[in-house]
Amino acid sequence: MQTLANVLVGLVAVLHLYILVLEMFLWERKPGRGLHGFDAEMARATAPLAANQGLYNGFLAAGLIWGLVADDPTGFAAQVFFLACVVVAGLYGAATANRRILFAQALPGALALAAVLVAR
């Protein structure tokens, strides 16, 4: 079960690294604009906000990676904390921005969190 938990945590970390790249570096290009259906003008206007969001996603990824490499009890605590942050951010994003965030962010985070807790 520990292996499954580690794989799920790693996948959530990779997801948030992808979001970082999308929001910080590709926002004004086709992949970033396509995420929300923005035209070039709207993407340009919202790029600083997206970059800020991307940075926060990077912090989530860094925390999850730290949780994977740190010895317990620190590693376990970091995984639980950062996965809980992912779930809360996903729920908030689904409620306020786009329902797809529930499935793209909150659900993977919740599954990884459950696996980490069961593996303990």
# chains A, B, ... in the order shown; residues from 1 in each chain; ligands from 1
>>> residues_around(residues="Ile19 of chain A", least_positions_apart="5", cutoff="10 Å", atoms="only C-alpha atoms", output="MDAnalysis selection string")
chainID A and resid 13:14 24:26 32 50 53:58 61
>>> write_last_selection(atoms="C-alpha atoms", output="tab-separated table (two decimals), in the first residue's frame")
chain	number	residue	atom	x	y	z
A	13	ALA	CA	3.05	16.50	-7.55
A	14	VAL	CA	3.60	16.08	-11.30
A	24	MET	CA	3.43	30.63	-15.52
A	25	PHE	CA	4.91	30.01	-18.95
A	26	LEU	CA	2.20	28.92	-21.40
A	32	GLY	CA	-2.89	28.13	-21.59
A	50	ALA	CA	-2.20	33.12	-13.68
A	53	GLN	CA	-1.54	30.87	-9.25
A	54	GLY	CA	1.14	28.84	-11.00
A	55	LEU	CA	3.67	29.75	-8.35
A	56	TYR	CA	1.32	28.49	-5.64
A	57	ASN	CA	0.87	25.23	-7.54
A	58	GLY	CA	4.64	24.94	-7.60
A	61	ALA	CA	4.34	20.27	-5.80
>>> closest_residue(among="A:Ala97, A:Leu64, A:Ala110, A:Ala78", to="His16 of chain A", atoms="only C-alpha atoms")
A:Leu64
>>> atom_distance(atom1="atom CA of Asp39 of chain A", atom2="atom CA of Asn98 of chain A")
17.7 Å
>>> residues_around(residues="Trp27 of chain A", least_positions_apart="5", cutoff="9 Å", atoms="only C-alpha atoms", output="list in words")
Val21, Leu22, Gly32, Arg33, Gly34, Leu35, Ala43, Arg44, Thr46, Ala47, Ala50 and Ala51 of chain A
>>> atom_distance(atom1="atom CA of Gly93 of chain A", atom2="atom CA of Arg120 of chain A")
28.9 Å
>>> residues_around(residues="Asn6 of chain A", least_positions_apart="2", cutoff="12 Å", atoms="only C-alpha atoms", output="ChimeraX atom specification")
/A:1-4,8-13,64-69,75-76,79-80,111-120
>>> residues_around(residues="Val86 of chain A", least_positions_apart="6", cutoff="8 Å", atoms="only C-alpha atoms", output="ChimeraX atom specification")
/A:60,105-106,109
>>> write_last_selection(atoms="all heavy atoms", output="JSON list (two decimals), in the first residue's frame")
[["chain", "number", "residue", "atom", "x", "y", "z"],
["A", 60, "LEU", "N", 2.87, 23.72, -3.88],
["A", 60, "LEU", "CA", 2.20, 22.46, -3.54],
["A", 60, "LEU", "C", 3.03, 21.28, -4.03],
["A", 60, "LEU", "O", 3.24, 20.31, -3.29],
["A", 60, "LEU", "CB", 0.79, 22.41, -4.15],
["A", 60, "LEU", "CG", -0.23, 23.37, -3.56],
["A", 60, "LEU", "CD1", -1.52, 23.32, -4.37],
["A", 60, "LEU", "CD2", -0.50, 23.06, -2.10],
["A", 105, "GLN", "N", -8.30, 18.22, -9.76],
["A", 105, "GLN", "CA", -7.40, 18.54, -8.65],
["A", 105, "GLN", "C", -7.86, 17.92, -7.34],
["A", 105, "GLN", "O", -7.09, 17.22, -6.69],
["A", 105, "GLN", "CB", -7.29, 20.05, -8.50],
["A", 105, "GLN", "CG", -6.33, 20.48, -7.41],
["A", 105, "GLN", "CD", -6.18, 21.99, -7.33],
["A", 105, "GLN", "OE1", -6.65, 22.73, -8.18],
["A", 105, "GLN", "NE2", -5.50, 22.46, -6.30],
["A", 106, "ALA", "N", -9.09, 18.17, -6.94],
["A", 106, "ALA", "CA", -9.54, 17.71, -5.62],
["A", 106, "ALA", "C", -9.60, 16.18, -5.54],
["A", 106, "ALA", "O", -9.15, 15.60, -4.55],
["A", 106, "ALA", "CB", -10.90, 18.31, -5.27],
["A", 109, "GLY", "N", -6.13, 14.54, -5.38],
["A", 109, "GLY", "CA", -5.57, 14.83, -4.07],
["A", 109, "GLY", "C", -6.22, 14.02, -2.97],
["A", 109, "GLY", "O", -5.54, 13.51, -2.07]]
>>> atom_distance(atom1="atom CA of Asp71 of chain A", atom2="atom CA of Leu17 of chain A")
22.5 Å
>>> select_by_dssp(residues="chain A", states="alpha helix (DSSP H)", output="PyMOL selection string")
chain A and resi 2-24+30-36+40-69+74-96+100-101+107-119
>>> decode(residues="segment 38-114 of chain A", atoms="C-alpha atoms", output="PDB file, in the first residue's frame")
ATOM      1  CA  PHE A  38      -9.490  32.894 -23.395  1.00  0.00           C
ATOM      2  CA  ASP A  39      -8.667  34.934 -26.443  1.00  0.00           C
ATOM      3  CA  ALA A  40      -5.202  36.473 -26.721  1.00  0.00           C
ATOM      4  CA  GLU A  41      -6.291  39.772 -25.152  1.00  0.00           C
ATOM      5  CA  MET A  42      -7.884  38.145 -22.104  1.00  0.00           C
ATOM      6  CA  ALA A  43      -4.880  35.836 -21.663  1.00  0.00           C
ATOM      7  CA  ARG A  44      -2.540  38.830 -21.751  1.00  0.00           C
ATOM      8  CA  ALA A  45      -4.677  40.707 -19.222  1.00  0.00           C
ATOM      9  CA  THR A  46      -4.846  37.775 -16.811  1.00  0.00           C
ATOM     10  CA  ALA A  47      -1.264  36.507 -17.233  1.00  0.00           C
ATOM     11  CA  PRO A  48       0.061  38.070 -13.990  1.00  0.00           C
ATOM     12  CA  LEU A  49      -2.775  36.478 -12.009  1.00  0.00           C
ATOM     13  CA  ALA A  50      -2.202  33.116 -13.681  1.00  0.00           C
ATOM     14  CA  ALA A  51       1.526  33.293 -12.975  1.00  0.00           C
ATOM     15  CA  ASN A  52       0.782  33.897  -9.303  1.00  0.00           C
ATOM     16  CA  GLN A  53      -1.537  30.874  -9.251  1.00  0.00           C
ATOM     17  CA  GLY A  54       1.137  28.838 -11.005  1.00  0.00           C
ATOM     18  CA  LEU A  55       3.669  29.746  -8.354  1.00  0.00           C
ATOM     19  CA  TYR A  56       1.324  28.487  -5.636  1.00  0.00           C
ATOM     20  CA  ASN A  57       0.867  25.234  -7.541  1.00  0.00           C
ATOM     21  CA  GLY A  58       4.638  24.939  -7.605  1.00  0.00           C
ATOM     22  CA  PHE A  59       4.726  25.284  -3.830  1.00  0.00           C
ATOM     23  CA  LEU A  60       2.199  22.462  -3.541  1.00  0.00           C
ATOM     24  CA  ALA A  61       4.340  20.271  -5.797  1.00  0.00           C
ATOM     25  CA  ALA A  62       7.491  21.129  -3.833  1.00  0.00           C
ATOM     26  CA  GLY A  63       5.787  20.241  -0.564  1.00  0.00           C
ATOM     27  CA  LEU A  64       4.603  16.905  -1.937  1.00  0.00           C
ATOM     28  CA  ILE A  65       8.068  16.082  -3.262  1.00  0.00           C
ATOM     29  CA  TRP A  66       9.526  17.019   0.117  1.00  0.00           C
ATOM     30  CA  GLY A  67       7.013  14.647   1.708  1.00  0.00           C
ATOM     31  CA  LEU A  68       8.181  11.847  -0.569  1.00  0.00           C
ATOM     32  CA  VAL A  69      11.884  12.275   0.168  1.00  0.00           C
ATOM     33  CA  ALA A  70      11.810  13.226   3.850  1.00  0.00           C
ATOM     34  CA  ASP A  71      12.031  10.593   6.547  1.00  0.00           C
ATOM     35  CA  ASP A  72       9.023   9.994   8.767  1.00  0.00           C
ATOM     36  CA  PRO A  73       7.443  11.517  10.717  1.00  0.00           C
ATOM     37  CA  THR A  74       8.233  14.652   8.672  1.00  0.00           C
ATOM     38  CA  GLY A  75       7.547  13.003   5.312  1.00  0.00           C
ATOM     39  CA  PHE A  76       4.174  11.664   6.400  1.00  0.00           C
ATOM     40  CA  ALA A  77       3.160  14.988   7.962  1.00  0.00           C
ATOM     41  CA  ALA A  78       4.227  16.946   4.859  1.00  0.00           C
ATOM     42  CA  GLN A  79       2.269  14.622   2.582  1.00  0.00           C
ATOM     43  CA  VAL A  80      -0.871  14.909   4.696  1.00  0.00           C
ATOM     44  CA  PHE A  81      -0.594  18.684   4.987  1.00  0.00           C
ATOM     45  CA  PHE A  82       0.088  19.395   1.308  1.00  0.00           C
ATOM     46  CA  LEU A  83      -2.489  16.889   0.063  1.00  0.00           C
ATOM     47  CA  ALA A  84      -5.071  18.495   2.354  1.00  0.00           C
ATOM     48  CA  CYS A  85      -4.104  21.863   0.819  1.00  0.00           C
ATOM     49  CA  VAL A  86      -4.570  20.394  -2.675  1.00  0.00           C
ATOM     50  CA  VAL A  87      -8.020  19.071  -1.749  1.00  0.00           C
ATOM     51  CA  VAL A  88      -9.137  22.355  -0.167  1.00  0.00           C
ATOM     52  CA  ALA A  89      -7.828  24.378  -3.138  1.00  0.00           C
ATOM     53  CA  GLY A  90      -9.577  21.991  -5.523  1.00  0.00           C
ATOM     54  CA  LEU A  91     -12.879  22.248  -3.673  1.00  0.00           C
ATOM     55  CA  TYR A  92     -12.640  26.028  -3.568  1.00  0.00           C
ATOM     56  CA  GLY A  93     -11.709  26.225  -7.243  1.00  0.00           C
ATOM     57  CA  ALA A  94     -14.596  23.929  -8.186  1.00  0.00           C
ATOM     58  CA  ALA A  95     -17.033  26.048  -6.183  1.00  0.00           C
ATOM     59  CA  THR A  96     -15.813  29.422  -7.439  1.00  0.00           C
ATOM     60  CA  ALA A  97     -14.174  28.971 -10.846  1.00  0.00           C
ATOM     61  CA  ASN A  98     -14.861  25.736 -12.709  1.00  0.00           C
ATOM     62  CA  ARG A  99     -16.402  22.413 -11.691  1.00  0.00           C
ATOM     63  CA  ARG A 100     -13.776  20.517 -13.669  1.00  0.00           C
ATOM     64  CA  ILE A 101     -11.295  21.434 -10.934  1.00  0.00           C
ATOM     65  CA  LEU A 102     -13.148  19.039  -8.632  1.00  0.00           C
ATOM     66  CA  PHE A 103     -12.125  16.118 -10.823  1.00  0.00           C
ATOM     67  CA  ALA A 104      -8.787  17.453 -12.042  1.00  0.00           C
ATOM     68  CA  GLN A 105      -7.401  18.541  -8.653  1.00  0.00           C
ATOM     69  CA  ALA A 106      -9.540  17.708  -5.620  1.00  0.00           C
ATOM     70  CA  LEU A 107     -10.282  14.080  -6.517  1.00  0.00           C
ATOM     71  CA  PRO A 108      -6.662  13.067  -7.253  1.00  0.00           C
ATOM     72  CA  GLY A 109      -5.570  14.833  -4.068  1.00  0.00           C
ATOM     73  CA  ALA A 110      -8.253  13.101  -2.015  1.00  0.00           C
ATOM     74  CA  LEU A 111      -7.360   9.674  -3.436  1.00  0.00           C
ATOM     75  CA  ALA A 112      -3.678  10.242  -2.688  1.00  0.00           C
ATOM     76  CA  LEU A 113      -4.501  11.486   0.811  1.00  0.00           C
ATOM     77  CA  ALA A 114      -6.639   8.425   1.505  1.00  0.00           C
TER      78      ALA A 114
END
